[in-house]
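A.B. asks: mmCIF, C-alpha atoms, file my_file-v6.cif:
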```
data_my_file
loop_
_atom_site.label_atom_id
_atom_site.label_comp_id
_atom_site.auth_asym_id
_atom_site.auth_seq_id
_atom_site.Cartn_x
_atom_site.Cartn_y
_atom_site.Cartn_z
CA ALA A 64 -49.97 -3.21 -17.39
CA ALA A 65 -48.26 -2.78 -14.04
CA ILE A 66 -46.47 0.35 -15.25
CA ALA A 67 -49.73 1.85 -16.52
CA ILE A 68 -51.55 1.12 -13.26
CA GLY A 69 -48.66 2.55 -11.26
CA LEU A 70 -48.65 5.70 -13.38
CA ALA A 71 -52.42 6.10 -13.05
CA ILE A 72 -52.09 5.93 -9.27
CA LEU A 73 -49.16 8.37 -9.42
CA VAL A 74 -51.22 10.81 -11.51
CA TYR A 75 -54.10 10.50 -9.03
CA ILE A 76 -51.78 11.30 -6.13
CA LEU A 77 -50.22 14.17 -8.08
CA LEU A 78 -53.52 15.74 -9.14
CA TRP A 79 -55.59 15.23 -5.98
CA ARG A 80 -53.05 15.21 -3.16
CA THR A 81 -50.56 17.97 -4.03
CA THR A 82 -50.74 21.72 -4.40
CA LEU A 83 -49.30 21.41 -7.90
CA GLY A 84 -52.19 19.12 -8.84
CA TYR A 85 -54.69 21.51 -7.31
CA ARG A 86 -53.28 24.36 -9.38
CA ILE A 87 -53.31 22.31 -12.58
CA ARG A 88 -56.93 21.24 -12.00
CA ALA A 89 -57.96 24.80 -11.09
CA VAL A 90 -56.43 26.21 -14.26
CA GLY A 91 -58.10 23.47 -16.27
CA GLN A 92 -61.50 24.26 -14.79
CA ASN A 93 -61.35 28.05 -14.96
CA PRO A 94 -58.20 29.96 -15.95
CA ASP A 95 -59.71 33.37 -15.15
CA ALA A 96 -60.70 32.40 -11.60
CA SER A 97 -57.29 30.78 -11.12
CA ARG A 98 -55.56 33.95 -12.26
CA TYR A 99 -57.72 35.95 -9.85
CA GLY A 100 -56.77 33.51 -7.09
CA GLY A 101 -53.07 34.17 -7.67
CA ILE A 102 -52.16 31.11 -9.70
CA ARG A 103 -49.74 31.68 -12.57
CA VAL A 104 -51.86 30.22 -15.36
CA ARG A 105 -49.26 30.01 -18.13
CA ARG A 106 -46.80 28.29 -15.83
CA GLN A 107 -49.37 25.65 -14.84
CA ILE A 108 -50.28 25.07 -18.49
CA VAL A 109 -46.61 24.54 -19.39
CA ILE A 110 -46.15 22.16 -16.45
CA ALA A 111 -49.26 20.18 -17.47
CA LEU A 112 -48.01 19.98 -21.06
CA LEU A 113 -44.57 18.86 -19.92
CA LEU A 114 -46.03 16.15 -17.70
CA SER A 115 -48.41 14.88 -20.38
CA GLY A 116 -45.61 14.87 -22.95
CA ALA A 117 -43.40 12.92 -20.55
CA PHE A 118 -46.13 10.32 -20.04
CA ALA A 119 -46.73 10.09 -23.79
CA GLY A 120 -43.00 9.62 -24.35
CA LEU A 121 -42.93 6.91 -21.71
CA ALA A 122 -45.80 5.17 -23.48
CA GLY A 123 -43.82 5.32 -26.72
CA VAL A 124 -40.77 3.87 -25.01
CA ILE A 125 -42.85 1.01 -23.63
CA GLN A 126 -44.36 0.44 -27.09
CA VAL A 127 -40.93 0.25 -28.75
CA TYR A 128 -38.80 -1.47 -26.12
CA GLY A 129 -41.37 -3.54 -24.29
CA LEU A 130 -43.71 -4.75 -26.99
CA ASN A 131 -42.21 -4.70 -30.47
CA TYR A 132 -38.49 -4.27 -29.64
CA ARG A 133 -38.29 -1.88 -32.59
CA MET A 134 -40.31 0.91 -34.13
CA ILE A 135 -42.84 -0.48 -36.56
CA THR A 136 -44.74 1.85 -38.83
CA ASP A 137 -46.41 1.69 -42.18
CA GLY A 138 -46.08 5.42 -42.79
CA SER A 139 -49.68 6.24 -41.96
CA ALA A 140 -50.82 8.56 -39.18
CA THR A 141 -51.71 5.58 -36.97
CA GLY A 142 -48.95 3.27 -38.16
CA PHE A 143 -46.86 3.47 -34.98
CA THR A 144 -49.57 3.82 -32.38
CA GLY A 145 -52.36 1.80 -33.95
CA SER A 146 -55.04 4.33 -32.89
CA ALA A 147 -53.84 4.17 -29.28
CA GLY A 148 -54.60 7.89 -28.84
CA PHE A 149 -58.25 7.51 -29.81
CA ASN A 150 -58.59 4.36 -27.71
CA GLY A 151 -57.03 6.21 -24.79
CA ILE A 152 -59.54 9.04 -25.14
CA VAL A 153 -62.38 6.51 -25.17
CA ALA A 154 -61.05 4.79 -22.04
CA ALA A 155 -60.53 8.13 -20.30
CA LEU A 156 -64.08 9.27 -21.11
CA PHE A 157 -65.51 5.93 -20.01
CA GLY A 158 -63.50 6.29 -16.77
CA GLN A 159 -65.10 9.74 -16.29
CA LEU A 160 -61.76 11.51 -16.83
CA HIS A 161 -60.43 10.26 -13.51
CA PRO A 162 -57.04 8.49 -13.34
CA ILE A 163 -58.37 5.65 -11.16
CA GLY A 164 -61.52 5.28 -13.29
CA THR A 165 -59.43 4.82 -16.41
CA ILE A 166 -57.84 1.65 -15.03
CA PRO A 167 -60.92 -0.62 -15.33
CA ALA A 168 -62.09 1.23 -18.43
CA SER A 169 -58.78 0.60 -20.21
CA PHE A 170 -58.85 -3.07 -19.26
CA PHE A 171 -62.39 -3.32 -20.62
CA PHE A 172 -61.60 -1.66 -23.95
CA GLY A 173 -58.26 -3.43 -24.21
CA ALA A 174 -60.05 -6.76 -23.85
CA LEU A 175 -62.55 -5.70 -26.50
CA LEU A 176 -59.82 -4.76 -28.95
CA VAL A 177 -57.81 -7.92 -28.32
CA ARG A 178 -60.89 -10.11 -28.66
CA ALA A 179 -62.18 -8.36 -31.78
CA ASN A 180 -60.53 -10.93 -34.06
CA LYS A 181 -61.91 -13.83 -32.02
CA LEU A 182 -65.39 -12.30 -32.15
CA GLN A 183 -65.01 -12.11 -35.91
CA ARG A 184 -64.06 -15.78 -36.20
CA VAL A 185 -66.46 -17.27 -33.65
CA MET A 186 -69.54 -15.10 -33.97
CA GLN A 187 -69.01 -13.76 -37.52
CA MET A 188 -69.08 -10.25 -36.07
CA PRO A 189 -67.02 -7.73 -38.05
CA SER A 190 -64.00 -6.50 -36.08
CA ALA A 191 -64.91 -2.98 -37.23
CA PHE A 192 -67.91 -3.30 -34.91
CA ILE A 193 -65.56 -2.80 -31.96
CA ILE A 194 -64.26 0.45 -33.48
CA GLY A 195 -67.86 1.57 -33.95
CA LEU A 196 -68.56 0.62 -30.34
CA ASN A 197 -65.71 2.91 -29.24
CA GLY A 198 -67.31 5.78 -31.15
CA LEU A 199 -70.70 5.06 -29.59
CA VAL A 200 -69.15 5.12 -26.12
CA VAL A 201 -67.76 8.59 -26.81
CA VAL A 202 -71.16 9.82 -28.00
CA PHE A 203 -73.07 8.35 -25.06
CA VAL A 204 -70.58 9.41 -22.38
CA VAL A 205 -70.41 12.98 -23.65
CA SER A 206 -74.19 13.22 -24.10
CA SER A 207 -74.85 11.75 -20.65
CA ASP A 208 -72.57 14.40 -19.16
CA ILE A 209 -74.52 17.11 -21.00
CA TRP A 210 -77.85 15.72 -19.74
CA ARG A 211 -76.49 15.44 -16.19
CA ARG A 212 -75.40 19.08 -16.24
CA ARG A 213 -78.78 20.22 -17.60
CA ARG A 214 -80.65 18.24 -14.95
CA GLN A 215 -78.40 19.62 -12.23
CA HIS A 216 -78.95 23.19 -13.49
CA ARG A 217 -82.73 22.66 -13.62
CA ARG A 218 -82.72 21.32 -10.04
CA GLN A 219 -80.77 24.35 -8.86
CA ILE A 220 -83.31 26.68 -10.49
CA GLU A 221 -86.21 24.76 -8.92
CA ALA A 222 -84.57 24.84 -5.49
CA THR A 223 -83.97 28.58 -5.79
CA GLN A 224 -87.56 29.22 -6.85
CA LYS A 225 -88.90 27.04 -4.05
CA ALA A 226 -86.76 28.89 -1.49
CA GLU A 227 -88.05 32.23 -2.78
CA GLY A 228 -91.66 31.02 -2.74
CA GLU A 229 -92.11 31.21 -6.51
CA PRO A 230 -94.01 28.51 -8.40
CA ALA A 231 -91.84 25.62 -9.51
CA LEU A 232 -90.58 25.41 -13.08
CA ALA A 233 -92.32 22.05 -13.68
CA ALA A 234 -95.68 23.40 -12.50
CA GLU A 235 -95.45 26.32 -14.92
CA SER A 236 -94.68 24.13 -17.90
CA GLY A 237 -97.41 21.64 -17.06
CA GLY A 238 -95.04 18.69 -16.55
#
```
Would you mind writing the structure in this file as structure tokens?

C.D. replies:
Amino acid sequence: AAIAIGLAILVYILLWRTTLGYRIRAVGQNPDASRYGGIRVRRQIVIALLLSGAFAGLAGVIQVYGLNYRMITDGSATGFTGSAGFNGIVAALFGQLHPIGTIPASFFFGALLVRANKLQRVMQMPSAFIIGLNGLVVVFVVSSDIWRRRRQHRRQIEATQKAEGEPALAAESGG
């Protein structure tokens, strides 16, 4: 856990406190505007892929040498990782795609996954419920982001109309 927390802090520093991080975030937000601003888009994409691959490789090393002491797989697509990729996406979304926000989110979902068997024994709750809960988190986090963006867009339109002296959007629609 200490390595993961340290890497999350390192990623935060890299992405929000360096020019390399600024370029990577800019390319991720809008490649065309980044290109217009003089950023070499393909180079930043390759650097981001190299960094993410290095972190994924480090996670695999920790899985093999720190947890199991050997590579264990049953031959399935999730045999080695045990759905760690999907769980990581859920934790990242719940942490609002911010490296520091993923720390408490990953602890929360890690505790849920570890305690799924105990919930099954004590409360007769199926352990598959936790997997379903992960899926619901993805749906609700993504949909809340969509609603937030729509509300923000509507407020911008209303503010523009109010500044121009036009009737407000809500008054026109009767709500």

A.B. asks: Would you tabulate, counting all atoms listed in the file, all residues of stretch 107-165 of chain A that have an atom at most 10 Å from an atom of stretch 72-77 of chain A, showing the closest pair of atoms and their distance in Å to one decimal, sorted by chain then ascending number, as CSV?

C.D. replies:
```
residue,atom,partner,partner_atom,distance
A:Leu114,CA,A:Val74,CA,9.7
A:Phe118,CA,A:Val74,CA,9.9
A:His161,CA,A:Tyr75,CA,7.8
A:Pro162,CA,A:Tyr75,CA,5.6
A:Ile163,CA,A:Ile72,CA,6.6
```

A.B. asks: Expand the PyMOL selection byres ((chain A and resi 205) around 12) into the individual residues it matches in the shown file, reporting them as a ChimeraX atom specification.

C.D. replies: /A:152-153,155-160,198-204,206-212

A.B. asks: With distances taken over all atoms listed in the file, which residue among A:Ile194, A:Ala168, A:Val124, A:Ala147 lies nearest A:Ile68?

C.D. replies: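 For A:Ile68, the nearest of the given residues is A:Ala168.
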
A.B. asks: Could you expand the PyMOL selection byres ((chain A and resi 107) around 12) into the explicit residues it covers here, written as a list in words?

C.D. replies: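 Applied to this file, the PyMOL selection byres ((chain A and resi 107) around 12) returns Thr82, Leu83, Gly84, Tyr85, Arg86, Ile87, Arg88, Ala89, Val90, Gly91, Pro94, Ser97, Arg98, Gly101, Ile102, Arg103, Val104, Arg105, Arg106, Ile108, Val109, Ile110, Ala111, Leu112, Leu113 and Leu114 of chain A.
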
A.B. asks: Would you mind reading off the distance between atom CA of A:Leu130 and atom CA of A:Phe172, one decimal, in Å?

C.D. replies: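 We find that atom CA of A:Leu130 and atom CA of A:Phe172 lie 18.4 Å from each other.
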
A.B. asks: For A:Val177, which residue out of A:Gly123, A:Ala67, A:Ser190, A:Gly195 is the nearest one, using only C-alpha atoms?

C.D. replies: A:Ser190

A.B. asks: I'd like the interatomic distance between atom CA of A:Leu175 and atom CA of A:Ala191, to a tenth of an Å.

C.D. replies: 11.3 Å

A.B. asks: Could you please determine the separation between atom CA of A:Ile135 and atom CA of A:Ala122 in Å, to one decimal place?

C.D. replies: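 One can read the atom CA of A:Ile135 to atom CA of A:Ala122 distance as 14.6 Å.
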